[in-house]
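Peer 1: Got a structure for you, my_file_28.json, holding JSON, C-alpha atoms.
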```
[["chain", "number", "residue", "atom", "x", "y", "z"],
["A", 1, "MET", "CA", 0.00, 0.00, 0.00],
["A", 2, "GLN", "CA", 1.22, 3.45, -0.89],
["A", 3, "ILE", "CA", 1.48, 5.88, 2.04],
["A", 4, "PRO", "CA", -0.55, 8.93, 1.05],
["A", 5, "TYR", "CA", 0.60, 12.56, 1.02],
["A", 6, "VAL", "CA", 4.31, 12.01, 1.58],
["A", 7, "SER", "CA", 5.32, 14.51, -1.08],
["A", 8, "THR", "CA", 2.17, 16.37, -2.00],
["A", 9, "ALA", "CA", -0.02, 18.36, 0.38],
["A", 10, "ARG", "CA", -3.24, 16.90, 1.70],
["A", 11, "PRO", "CA", -6.06, 19.07, 0.34],
["A", 12, "ASP", "CA", -7.81, 19.63, 3.68],
["A", 13, "THR", "CA", -4.73, 20.43, 5.80],
["A", 14, "GLY", "CA", -2.60, 22.00, 3.08],
["A", 15, "LEU", "CA", 0.36, 20.03, 4.49],
["A", 16, "PHE", "CA", 2.12, 16.80, 3.68],
["A", 17, "ASN", "CA", 1.31, 14.39, 6.49],
["A", 18, "ALA", "CA", 4.71, 14.23, 8.15],
["A", 19, "LYS", "CA", 4.76, 18.01, 8.54],
["A", 20, "LEU", "CA", 1.64, 17.96, 10.70],
["A", 21, "GLY", "CA", 2.96, 14.84, 12.44],
["A", 22, "ILE", "CA", 6.25, 16.43, 13.48],
["A", 23, "TRP", "CA", 4.53, 19.57, 14.78],
["A", 24, "LEU", "CA", 2.17, 17.48, 16.90],
["A", 25, "PHE", "CA", 5.20, 15.59, 18.20],
["A", 26, "LEU", "CA", 7.02, 18.86, 18.94],
["A", 27, "ALA", "CA", 3.91, 20.10, 20.79],
["A", 28, "SER", "CA", 4.18, 17.04, 23.04],
["A", 29, "GLU", "CA", 7.90, 17.76, 23.47],
["A", 30, "VAL", "CA", 7.09, 21.31, 24.59],
["A", 31, "MET", "CA", 4.97, 19.77, 27.34],
["A", 32, "LEU", "CA", 7.72, 17.29, 28.29],
["A", 33, "PHE", "CA", 10.37, 19.98, 28.69],
["A", 34, "GLY", "CA", 7.73, 22.40, 30.01],
["A", 35, "ALA", "CA", 7.01, 20.03, 32.89],
["A", 36, "LEU", "CA", 10.70, 20.02, 33.80],
["A", 37, "PHE", "CA", 11.00, 23.81, 33.52],
["A", 38, "SER", "CA", 7.92, 24.11, 35.69],
["A", 39, "SER", "CA", 9.52, 21.76, 38.24],
["A", 40, "TYR", "CA", 12.63, 23.92, 38.11],
["A", 41, "VAL", "CA", 10.57, 27.02, 38.97],
["A", 42, "LEU", "CA", 8.82, 25.18, 41.81],
["A", 43, "LEU", "CA", 12.10, 23.89, 43.26],
["A", 44, "ARG", "CA", 13.86, 27.22, 42.91],
["A", 45, "VAL", "CA", 11.06, 29.33, 44.38],
["A", 46, "GLY", "CA", 10.60, 26.81, 47.21],
["A", 47, "ALA", "CA", 14.29, 26.60, 48.14],
["A", 48, "PRO", "CA", 15.56, 28.76, 51.02],
["A", 49, "VAL", "CA", 18.77, 29.40, 49.06],
["A", 50, "TRP", "CA", 19.49, 28.75, 45.40],
["A", 51, "PRO", "CA", 23.02, 28.90, 43.96],
["A", 52, "HIS", "CA", 23.98, 30.97, 40.94],
["A", 53, "GLY", "CA", 24.55, 28.65, 37.98],
["A", 54, "TYR", "CA", 27.71, 30.58, 37.03],
["A", 55, "ASP", "CA", 29.28, 29.80, 40.42],
["A", 56, "LEU", "CA", 28.87, 26.03, 39.99],
["A", 57, "LEU", "CA", 28.89, 25.36, 36.25],
["A", 58, "ASN", "CA", 31.34, 26.02, 33.46],
["A", 59, "VAL", "CA", 29.93, 29.04, 31.59],
["A", 60, "PRO", "CA", 32.68, 29.25, 28.88],
["A", 61, "LEU", "CA", 32.11, 25.59, 27.92],
["A", 62, "ALA", "CA", 28.34, 26.08, 27.86],
["A", 63, "THR", "CA", 28.75, 29.23, 25.75],
["A", 64, "LEU", "CA", 30.89, 27.22, 23.34],
["A", 65, "ASN", "CA", 28.16, 24.59, 23.20],
["A", 66, "THR", "CA", 25.55, 27.27, 22.50],
["A", 67, "VAL", "CA", 27.61, 28.46, 19.54],
["A", 68, "VAL", "CA", 28.08, 24.87, 18.37],
["A", 69, "LEU", "CA", 24.38, 24.03, 18.54],
["A", 70, "ILE", "CA", 23.24, 27.25, 16.85],
["A", 71, "SER", "CA", 25.82, 26.62, 14.10],
["A", 72, "SER", "CA", 24.45, 23.10, 13.65],
["A", 73, "SER", "CA", 20.97, 24.55, 13.23],
["A", 74, "VAL", "CA", 22.29, 26.78, 10.45],
["A", 75, "THR", "CA", 24.04, 23.90, 8.67],
["A", 76, "MET", "CA", 20.85, 21.85, 9.02],
["A", 77, "VAL", "CA", 18.70, 24.46, 7.34],
["A", 78, "MET", "CA", 21.40, 24.92, 4.68],
["A", 79, "SER", "CA", 21.35, 21.18, 3.96],
["A", 80, "TRP", "CA", 17.61, 21.38, 3.29],
["A", 81, "ALA", "CA", 18.04, 24.53, 1.16],
["A", 82, "SER", "CA", 20.73, 22.67, -0.83],
["A", 83, "LEU", "CA", 18.20, 19.96, -1.67],
["A", 84, "LEU", "CA", 15.71, 22.60, -2.80],
["A", 85, "LEU", "CA", 18.49, 23.88, -5.08],
["A", 86, "LYS", "CA", 19.04, 20.25, -6.27],
["A", 87, "ASP", "CA", 22.64, 20.28, -5.05],
["A", 88, "PHE", "CA", 23.11, 16.87, -3.44],
["A", 89, "LYS", "CA", 26.84, 17.29, -2.86],
["A", 90, "LYS", "CA", 26.28, 20.42, -0.79],
["A", 91, "TYR", "CA", 23.47, 18.68, 1.06],
["A", 92, "ARG", "CA", 25.89, 15.92, 2.09],
["A", 93, "MET", "CA", 28.44, 18.48, 3.18],
["A", 94, "TYR", "CA", 26.02, 20.51, 5.31],
["A", 95, "MET", "CA", 24.33, 17.45, 6.78],
["A", 96, "GLY", "CA", 27.76, 16.00, 7.62],
["A", 97, "ALA", "CA", 28.69, 19.27, 9.32],
["A", 98, "THR", "CA", 25.42, 19.17, 11.32],
["A", 99, "ILE", "CA", 26.23, 15.66, 12.57],
["A", 100, "LEU", "CA", 29.82, 16.60, 13.45],
["A", 101, "LEU", "CA", 28.69, 19.70, 15.35],
["A", 102, "ALA", "CA", 26.12, 17.62, 17.24],
["A", 103, "CYS", "CA", 28.87, 15.14, 18.19],
["A", 104, "MET", "CA", 31.05, 18.05, 19.28],
["A", 105, "PHE", "CA", 28.23, 19.27, 21.53],
["A", 106, "LEU", "CA", 28.12, 15.83, 23.19],
["A", 107, "VAL", "CA", 31.90, 15.72, 23.63],
["A", 108, "VAL", "CA", 31.84, 19.10, 25.40],
["A", 109, "LYS", "CA", 28.91, 17.90, 27.52],
["A", 110, "PHE", "CA", 30.87, 14.75, 28.35],
["A", 111, "PHE", "CA", 33.78, 16.86, 29.63],
["A", 112, "GLU", "CA", 31.38, 18.95, 31.69],
["A", 113, "TYR", "CA", 29.73, 15.91, 33.23],
["A", 114, "SER", "CA", 32.97, 14.04, 33.88],
["A", 115, "SER", "CA", 34.52, 17.08, 35.56],
["A", 116, "LYS", "CA", 31.51, 17.17, 37.89],
["A", 117, "PHE", "CA", 31.68, 13.43, 38.61],
["A", 118, "SER", "CA", 35.42, 13.62, 39.31],
["A", 119, "HIS", "CA", 34.67, 16.26, 41.95],
["A", 120, "ASP", "CA", 32.08, 13.94, 43.51],
["A", 121, "VAL", "CA", 29.21, 16.02, 42.22],
["A", 122, "PHE", "CA", 26.18, 13.91, 41.28],
["A", 123, "PRO", "CA", 22.43, 14.49, 40.83],
["A", 124, "SER", "CA", 22.04, 13.53, 44.49],
["A", 125, "THR", "CA", 24.44, 16.29, 45.59],
["A", 126, "SER", "CA", 21.81, 19.04, 45.69],
["A", 127, "THR", "CA", 18.43, 20.03, 44.28],
["A", 128, "PHE", "CA", 20.21, 22.34, 41.84],
["A", 129, "TYR", "CA", 22.37, 19.52, 40.47],
["A", 130, "ALA", "CA", 19.39, 17.14, 40.41],
["A", 131, "ILE", "CA", 17.41, 19.40, 38.09],
["A", 132, "TYR", "CA", 20.57, 20.35, 36.14],
["A", 133, "PHE", "CA", 21.46, 16.74, 35.35],
["A", 134, "THR", "CA", 17.84, 15.78, 34.65],
["A", 135, "ILE", "CA", 17.15, 18.55, 32.14],
["A", 136, "THR", "CA", 20.54, 18.57, 30.42],
["A", 137, "GLY", "CA", 20.51, 14.74, 30.39],
["A", 138, "LEU", "CA", 17.13, 14.64, 28.67],
["A", 139, "HIS", "CA", 18.31, 17.30, 26.23],
["A", 140, "GLY", "CA", 21.47, 15.25, 25.57],
["A", 141, "LEU", "CA", 19.31, 12.21, 24.74],
["A", 142, "HIS", "CA", 17.47, 14.36, 22.20],
["A", 143, "VAL", "CA", 20.81, 15.34, 20.65],
["A", 144, "ILE", "CA", 21.72, 11.63, 20.36],
["A", 145, "GLY", "CA", 18.32, 10.95, 18.72],
["A", 146, "GLY", "CA", 18.98, 13.74, 16.22],
["A", 147, "ILE", "CA", 22.44, 12.35, 15.40],
["A", 148, "ILE", "CA", 20.94, 8.90, 14.68],
["A", 149, "VAL", "CA", 18.21, 10.27, 12.39],
["A", 150, "ASN", "CA", 20.51, 12.73, 10.61],
["A", 151, "SER", "CA", 23.19, 10.06, 10.12],
["A", 152, "TYR", "CA", 20.60, 7.84, 8.42],
["A", 153, "PHE", "CA", 19.64, 10.69, 6.08],
["A", 154, "TRP", "CA", 23.32, 11.42, 5.42],
["A", 155, "GLY", "CA", 24.08, 7.75, 4.73],
["A", 156, "SER", "CA", 21.90, 4.96, 3.40],
["A", 157, "GLY", "CA", 18.65, 6.94, 3.75],
["A", 158, "SER", "CA", 19.91, 9.43, 1.17],
["A", 159, "ARG", "CA", 19.47, 6.85, -1.61],
["A", 160, "MET", "CA", 15.87, 8.05, -1.77],
["A", 161, "TRP", "CA", 17.18, 11.26, -3.39],
["A", 162, "ARG", "CA", 17.62, 9.27, -6.62],
["A", 163, "THR", "CA", 14.19, 7.60, -6.58],
["A", 164, "ASP", "CA", 11.94, 10.21, -4.95],
["A", 165, "PRO", "CA", 13.71, 13.56, -4.44],
["A", 166, "VAL", "CA", 10.63, 15.49, -3.27],
["A", 167, "ARG", "CA", 9.86, 12.96, -0.53],
["A", 168, "PHE", "CA", 13.50, 12.93, 0.54],
["A", 169, "THR", "CA", 13.59, 16.73, 0.71],
["A", 170, "ASN", "CA", 10.46, 16.62, 2.89],
["A", 171, "ARG", "CA", 12.11, 14.07, 5.19],
["A", 172, "VAL", "CA", 15.13, 16.31, 5.65],
["A", 173, "GLU", "CA", 12.81, 19.25, 6.36],
["A", 174, "ILE", "CA", 11.07, 17.20, 9.09],
["A", 175, "ALA", "CA", 14.39, 16.09, 10.61],
["A", 176, "GLY", "CA", 15.38, 19.77, 10.52],
["A", 177, "LEU", "CA", 12.27, 20.89, 12.39],
["A", 178, "TYR", "CA", 13.13, 18.40, 15.14],
["A", 179, "TRP", "CA", 16.74, 19.54, 15.19],
["A", 180, "HIS", "CA", 15.84, 23.23, 15.46],
["A", 181, "PHE", "CA", 13.58, 22.34, 18.37],
["A", 182, "VAL", "CA", 16.52, 20.70, 20.17],
["A", 183, "ASP", "CA", 18.46, 23.93, 19.56],
["A", 184, "LEU", "CA", 15.52, 25.96, 20.81],
["A", 185, "VAL", "CA", 15.36, 24.04, 24.09],
["A", 186, "TRP", "CA", 19.07, 24.69, 24.64],
["A", 187, "ILE", "CA", 18.55, 28.42, 23.98],
["A", 188, "PHE", "CA", 16.38, 28.46, 27.14],
["A", 189, "LEU", "CA", 18.39, 25.89, 29.12],
["A", 190, "PHE", "CA", 21.62, 27.81, 28.78],
["A", 191, "PRO", "CA", 20.58, 31.06, 30.51],
["A", 192, "VAL", "CA", 18.22, 29.37, 32.98],
["A", 193, "LEU", "CA", 20.76, 26.85, 34.31],
["A", 194, "TYR", "CA", 24.11, 28.57, 33.71],
["A", 195, "LEU", "CA", 23.54, 32.30, 33.84],
["A", 196, "LEU", "CA", 20.96, 32.89, 36.59],
["B", 197, "MET", "CA", 8.95, 26.31, 0.36],
["B", 198, "GLU", "CA", 7.83, 23.35, -1.74],
["B", 199, "GLY", "CA", 8.14, 24.36, -5.36],
["B", 200, "ALA", "CA", 10.06, 27.52, -4.43],
["B", 201, "SER", "CA", 12.09, 29.11, -7.20],
["B", 202, "VAL", "CA", 15.88, 29.09, -7.15],
["B", 203, "GLU", "CA", 15.85, 32.84, -6.51],
["B", 204, "GLU", "CA", 13.53, 32.45, -3.52],
["B", 205, "VAL", "CA", 15.69, 29.72, -1.97],
["B", 206, "LYS", "CA", 18.85, 31.79, -2.46],
["B", 207, "LYS", "CA", 17.13, 34.73, -0.80],
["B", 208, "SER", "CA", 16.19, 32.48, 2.15],
["B", 209, "VAL", "CA", 19.81, 31.34, 2.43],
["B", 210, "ARG", "CA", 20.92, 34.96, 2.81],
["B", 211, "THR", "CA", 18.29, 35.38, 5.54],
["B", 212, "TYR", "CA", 19.59, 32.26, 7.35],
["B", 213, "ILE", "CA", 23.09, 33.75, 7.46],
["B", 214, "LEU", "CA", 21.75, 37.02, 8.89],
["B", 215, "ILE", "CA", 19.77, 35.11, 11.53],
["B", 216, "PHE", "CA", 22.91, 33.15, 12.41],
["B", 217, "VAL", "CA", 24.82, 36.40, 12.99],
["B", 218, "ALA", "CA", 21.95, 37.79, 15.09],
["B", 219, "LEU", "CA", 21.87, 34.62, 17.22],
["B", 220, "MET", "CA", 25.62, 34.82, 17.83],
["B", 221, "VAL", "CA", 25.41, 38.49, 18.84],
["B", 222, "LEU", "CA", 22.52, 37.74, 21.23],
["B", 223, "THR", "CA", 24.50, 34.85, 22.76],
["B", 224, "VAL", "CA", 27.40, 37.21, 23.48],
["B", 225, "VAL", "CA", 25.00, 39.81, 24.91],
["B", 226, "THR", "CA", 23.30, 37.33, 27.26],
["B", 227, "VAL", "CA", 26.66, 36.09, 28.59],
["B", 228, "ALA", "CA", 27.97, 39.66, 28.95],
["B", 229, "VAL", "CA", 24.86, 40.76, 30.85],
["B", 230, "SER", "CA", 25.13, 37.80, 33.23],
["B", 231, "ALA", "CA", 28.71, 38.88, 34.03],
["B", 232, "LEU", "CA", 27.30, 42.19, 35.34],
["B", 233, "HIS", "CA", 25.61, 40.20, 38.15],
["B", 234, "LEU", "CA", 22.36, 42.17, 38.12],
["B", 235, "SER", "CA", 19.76, 41.61, 40.84],
["B", 236, "VAL", "CA", 18.00, 38.25, 40.49],
["B", 237, "GLY", "CA", 14.75, 39.75, 39.17],
["B", 238, "ALA", "CA", 16.47, 41.91, 36.54],
["B", 239, "ALA", "CA", 18.82, 39.09, 35.51],
["B", 240, "ILE", "CA", 15.90, 36.67, 35.00],
["B", 241, "ALA", "CA", 13.96, 39.27, 32.99],
["B", 242, "VAL", "CA", 16.90, 40.12, 30.71],
["B", 243, "ALA", "CA", 17.89, 36.47, 30.20],
["B", 244, "LEU", "CA", 14.35, 35.39, 29.34],
["B", 245, "VAL", "CA", 13.76, 38.33, 26.98],
["B", 246, "ILE", "CA", 16.98, 37.57, 25.06],
["B", 247, "ALA", "CA", 16.22, 33.83, 24.99],
["B", 248, "SER", "CA", 12.72, 34.56, 23.71],
["B", 249, "ILE", "CA", 14.06, 36.75, 20.91],
["B", 250, "LYS", "CA", 16.52, 33.99, 19.93],
["B", 251, "ALA", "CA", 13.78, 31.36, 20.08],
["B", 252, "THR", "CA", 11.52, 33.53, 17.90],
["B", 253, "LEU", "CA", 14.27, 33.87, 15.30],
["B", 254, "VAL", "CA", 14.91, 30.09, 15.24],
["B", 255, "ALA", "CA", 11.22, 29.18, 15.11],
["B", 256, "GLY", "CA", 10.30, 31.94, 12.67],
["B", 257, "TYR", "CA", 13.06, 31.46, 10.11],
["B", 258, "PHE", "CA", 14.85, 28.11, 10.55],
["B", 259, "MET", "CA", 11.53, 26.37, 11.24],
["B", 260, "HIS", "CA", 9.90, 28.79, 8.76],
["B", 261, "LEU", "CA", 6.93, 29.50, 11.00],
["B", 262, "ILE", "CA", 6.52, 32.96, 9.50],
["B", 263, "SER", "CA", 4.97, 31.33, 6.46],
["B", 264, "GLU", "CA", 3.16, 28.21, 7.67],
["B", 265, "LYS", "CA", -0.30, 26.76, 7.25],
["B", 266, "LYS", "CA", -3.16, 27.65, 9.61],
["B", 267, "LEU", "CA", -3.42, 24.17, 11.09],
["B", 268, "ILE", "CA", 0.12, 24.41, 12.45],
["B", 269, "TYR", "CA", -0.60, 27.82, 13.98],
["B", 270, "ALA", "CA", -3.73, 26.37, 15.58],
["B", 271, "THR", "CA", -1.71, 23.48, 17.03],
["B", 272, "LEU", "CA", 0.84, 25.91, 18.42],
["B", 273, "VAL", "CA", -1.76, 28.23, 19.96],
["B", 274, "LEU", "CA", -3.12, 25.24, 21.90],
["B", 275, "THR", "CA", 0.43, 24.27, 22.87],
["B", 276, "VAL", "CA", 1.16, 27.77, 24.15],
["B", 277, "ILE", "CA", -2.04, 27.78, 26.26],
["B", 278, "PHE", "CA", -1.18, 24.45, 27.86],
["B", 279, "PHE", "CA", 2.45, 25.52, 28.34],
["B", 280, "VAL", "CA", 1.37, 28.68, 30.17],
["B", 281, "VAL", "CA", -0.90, 26.62, 32.44],
["B", 282, "LEU", "CA", 2.04, 24.32, 33.14],
["B", 283, "MET", "CA", 4.28, 27.25, 34.08],
["B", 284, "LEU", "CA", 1.58, 28.73, 36.32],
["B", 285, "LEU", "CA", 1.19, 25.50, 38.30],
["B", 286, "PRO", "CA", 4.05, 26.36, 40.72],
["B", 287, "VAL", "CA", 2.45, 29.79, 41.24],
["B", 288, "SER", "CA", -0.91, 28.24, 42.04],
["B", 289, "HIS", "CA", 0.84, 26.02, 44.57],
["B", 290, "TYR", "CA", 2.07, 29.11, 46.42],
["B", 291, "ALA", "CA", -1.26, 30.91, 46.13],
["B", 292, "ASP", "CA", -2.82, 27.84, 47.70],
["B", 293, "ARG", "CA", -0.33, 27.88, 50.56],
["B", 294, "ILE", "CA", -0.86, 31.57, 51.26],
["B", 295, "SER", "CA", -4.66, 31.30, 51.32],
["B", 296, "GLY", "CA", -4.55, 28.02, 53.25]]
```
For the structure just supplied, provide its representation as structure tokens.
Peer 2:
Amino acid sequence: MQIPYVSTARPDTGLFNAKLGIWLFLASEVMLFGALFSSYVLLRVGAPVWPHGYDLLNVPLATLNTVVLISSSVTMVMSWASLLLKDFKKYRMYMGATILLACMFLVVKFFEYSSKFSHDVFPSTSTFYAIYFTITGLHGLHVIGGIIVNSYFWGSGSRMWRTDPVRFTNRVEIAGLYWHFVDLVWIFLFPVLYLL
Amino acid sequence: MEGASVEEVKKSVRTYILIFVALMVLTVVTVAVSALHLSVGAAIAVALVIASIKATLVAGYFMHLISEKKLIYATLVLTVIFFVVLMLLPVSHYADRISG
């Protein structure tokens, strides 16, 4: 059976199906991260004292990671634009750069985490660290998910470009929407956890 | 963007670069402001305003929300309402404690 509306828009929604699907998924993701942000507010307001993130966490490393993740969002959108311009080589280059930047983000995060662990700092150390590790850990899992999906579209999944280029372009657009969301979450995480 | 002309896509690419520069500048600004160690209230306000501007740029241009279909806007309006309720839950907890 042919899956309907993978490349053309459904007449009643005006969207190809995956586009609506990813936005519904992202709406649920907003609630997932929203619940954790809400918990953060509750814990912070309820605590007699709350530390400044910049006193406990590594702001230069987190700033570097912000730059890395924003850059990866740009390369992601450029990879999609390259497909719209029918330039597959550039698509591969930009998508490859997106994956590398995402890996770099995780490496930096690994150094941050391991420096904390080596100083005997764990989620159980304090309420601040509990919420810090929970939110950044969940965000890190999302980065790993993005790397897996993007690697598939960079590698074997990109064969679809030869058989059904419009559908493939749509798939990359959808992966991009997810990836920009992961960037967006970090844009809030960074100031909330590190700078306040 | 489906069926967009080459010219339109190239124009979008130029916009993406500009947005990238704006996001970098705002990142520097938010870090610089935090180094001033403002009072907690002012620091939270400034940080959230800058983050919201950055988020709007990412959602508006990279996720091309400035030109999307109505159904997606409708989904997002619902999401925003539920998100606001979620963020107000801690407040309601304190209101409850004060009145109780």
Peer 1: Quick one: of B:Ala238, B:Met259, B:Ala200, B:Ala228, who's nearest to B:Tyr212, counting all atoms listed in the file?
Peer 2: B:Met259
Peer 1: Just checking: using all atoms listed in the file, which residue out of A:Ser71, A:Gln2, A:Ser39, A:Ser7 ends up closest to B:Val217?
Peer 2: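 Answer, going by the shortest atom-to-atom distance: A:Ser71.
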Peer 1: Just the residues within 10 Å of B:Ala218, please, counting only C-alpha atoms, with nothing from its chain fewer than 5 positions along; format it as a list in words.
Peer 2: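 The filter keeps Tyr212, Ile213, Thr223, Ile249, Lys250 and Leu253 of chain B.
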Peer 1: Starting from chain B, keep only residues with some atom at most 6 Å from an atom of chain A, counting all atoms listed in the file, and report them as a list of chain:residue names.
Peer 2: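 Output check: B:Ser230, B:Ala247, B:Ala251, B:Met259, B:Thr275, B:Met283, B:Pro286.
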Peer 1: Have a look at atom CA of A:Val107 and atom CA of A:Ile147 and let me know their distance in Å, one decimal.
Peer 2: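 Spanning atom CA of A:Val107 to atom CA of A:Ile147 is a straight-line distance of 13.0 Å.
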Peer 1: Quote the spacing between atom CA of A:Asn65 and atom CA of B:Ile215 in Å to one decimal place.
Peer 2: 17.8 Å
Peer 1: If you measure from atom CA of B:Val221 to atom CA of A:Ala62, what distance in Å do you get, rounded to one decimal?
Peer 2: 15.6 Å
Peer 1: Between A:Ser126, A:Asn58, A:Ser72, A:Thr136, which residue has the minimum interatomic distance to A:Leu101, considering only C-alpha atoms?
Peer 2: A:Ser72
Peer 1: With all atoms listed in the file as the atoms that count, which of A:Tyr129, A:Gly155, A:Val6, A:Pro165 lies nearest to A:Pro51?
Peer 2: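 Result for the nearest residue to A:Pro51: A:Tyr129.
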Peer 1: Taking the partial coordinates given, rebuild stretch 255-268 of chain B to contain N, CA, C and O atoms; return it as an mmCIF file, in the coordinates of the input.
Peer 2:
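Saved to result-v5.cif:
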```
data_model
loop_
_atom_site.group_PDB
_atom_site.id
_atom_site.type_symbol
_atom_site.label_atom_id
_atom_site.label_comp_id
_atom_site.auth_asym_id
_atom_site.auth_seq_id
_atom_site.Cartn_x
_atom_site.Cartn_y
_atom_site.Cartn_z
ATOM 1 N N ALA B 255 12.513 29.731 15.500
ATOM 2 C CA ALA B 255 11.220 29.180 15.110
ATOM 3 C C ALA B 255 10.681 29.874 13.851
ATOM 4 O O ALA B 255 10.152 29.231 12.952
ATOM 5 N N GLY B 256 10.845 31.179 13.792
ATOM 6 C CA GLY B 256 10.300 31.940 12.670
ATOM 7 C C GLY B 256 10.993 31.662 11.348
ATOM 8 O O GLY B 256 10.332 31.511 10.318
ATOM 9 N N TYR B 257 12.329 31.568 11.381
ATOM 10 C CA TYR B 257 13.060 31.460 10.110
ATOM 11 C C TYR B 257 13.585 30.054 9.844
ATOM 12 O O TYR B 257 13.330 29.492 8.786
ATOM 13 N N PHE B 258 14.320 29.448 10.801
ATOM 14 C CA PHE B 258 14.850 28.110 10.550
ATOM 15 C C PHE B 258 13.708 27.091 10.451
ATOM 16 O O PHE B 258 13.755 26.155 9.660
ATOM 17 N N MET B 259 12.673 27.286 11.295
ATOM 18 C CA MET B 259 11.530 26.370 11.240
ATOM 19 C C MET B 259 10.424 26.955 10.364
ATOM 20 O O MET B 259 9.309 26.447 10.342
ATOM 21 N N HIS B 260 10.781 28.038 9.656
ATOM 22 C CA HIS B 260 9.900 28.790 8.760
ATOM 23 C C HIS B 260 8.450 28.909 9.228
ATOM 24 O O HIS B 260 7.519 28.689 8.468
ATOM 25 N N LEU B 261 8.290 29.309 10.483
ATOM 26 C CA LEU B 261 6.930 29.500 11.000
ATOM 27 C C LEU B 261 6.286 30.795 10.501
ATOM 28 O O LEU B 261 5.072 30.943 10.604
ATOM 29 N N ILE B 262 7.131 31.716 9.967
ATOM 30 C CA ILE B 262 6.520 32.960 9.500
ATOM 31 C C ILE B 262 5.635 32.727 8.277
ATOM 32 O O ILE B 262 4.788 33.539 7.973
ATOM 33 N N SER B 263 5.841 31.621 7.598
ATOM 34 C CA SER B 263 4.970 31.330 6.460
ATOM 35 C C SER B 263 4.511 29.871 6.548
ATOM 36 O O SER B 263 4.977 29.031 5.794
ATOM 37 N N GLU B 264 3.661 29.583 7.516
ATOM 38 C CA GLU B 264 3.160 28.210 7.670
ATOM 39 C C GLU B 264 1.646 28.164 7.484
ATOM 40 O O GLU B 264 0.993 29.197 7.411
ATOM 41 N N LYS B 265 1.143 26.938 7.449
ATOM 42 C CA LYS B 265 -0.300 26.760 7.250
ATOM 43 C C LYS B 265 -1.046 26.968 8.578
ATOM 44 O O LYS B 265 -0.498 26.785 9.660
ATOM 45 N N LYS B 266 -2.323 27.329 8.447
ATOM 46 C CA LYS B 266 -3.160 27.650 9.610
ATOM 47 C C LYS B 266 -3.219 26.533 10.644
ATOM 48 O O LYS B 266 -3.215 26.776 11.844
ATOM 49 N N LEU B 267 -3.261 25.298 10.172
ATOM 50 C CA LEU B 267 -3.420 24.170 11.090
ATOM 51 C C LEU B 267 -2.249 24.080 12.068
ATOM 52 O O LEU B 267 -2.422 23.733 13.241
ATOM 53 N N ILE B 268 -1.057 24.429 11.578
ATOM 54 C CA ILE B 268 0.120 24.410 12.450
ATOM 55 C C ILE B 268 0.034 25.535 13.472
ATOM 56 O O ILE B 268 0.325 25.339 14.655
#
```
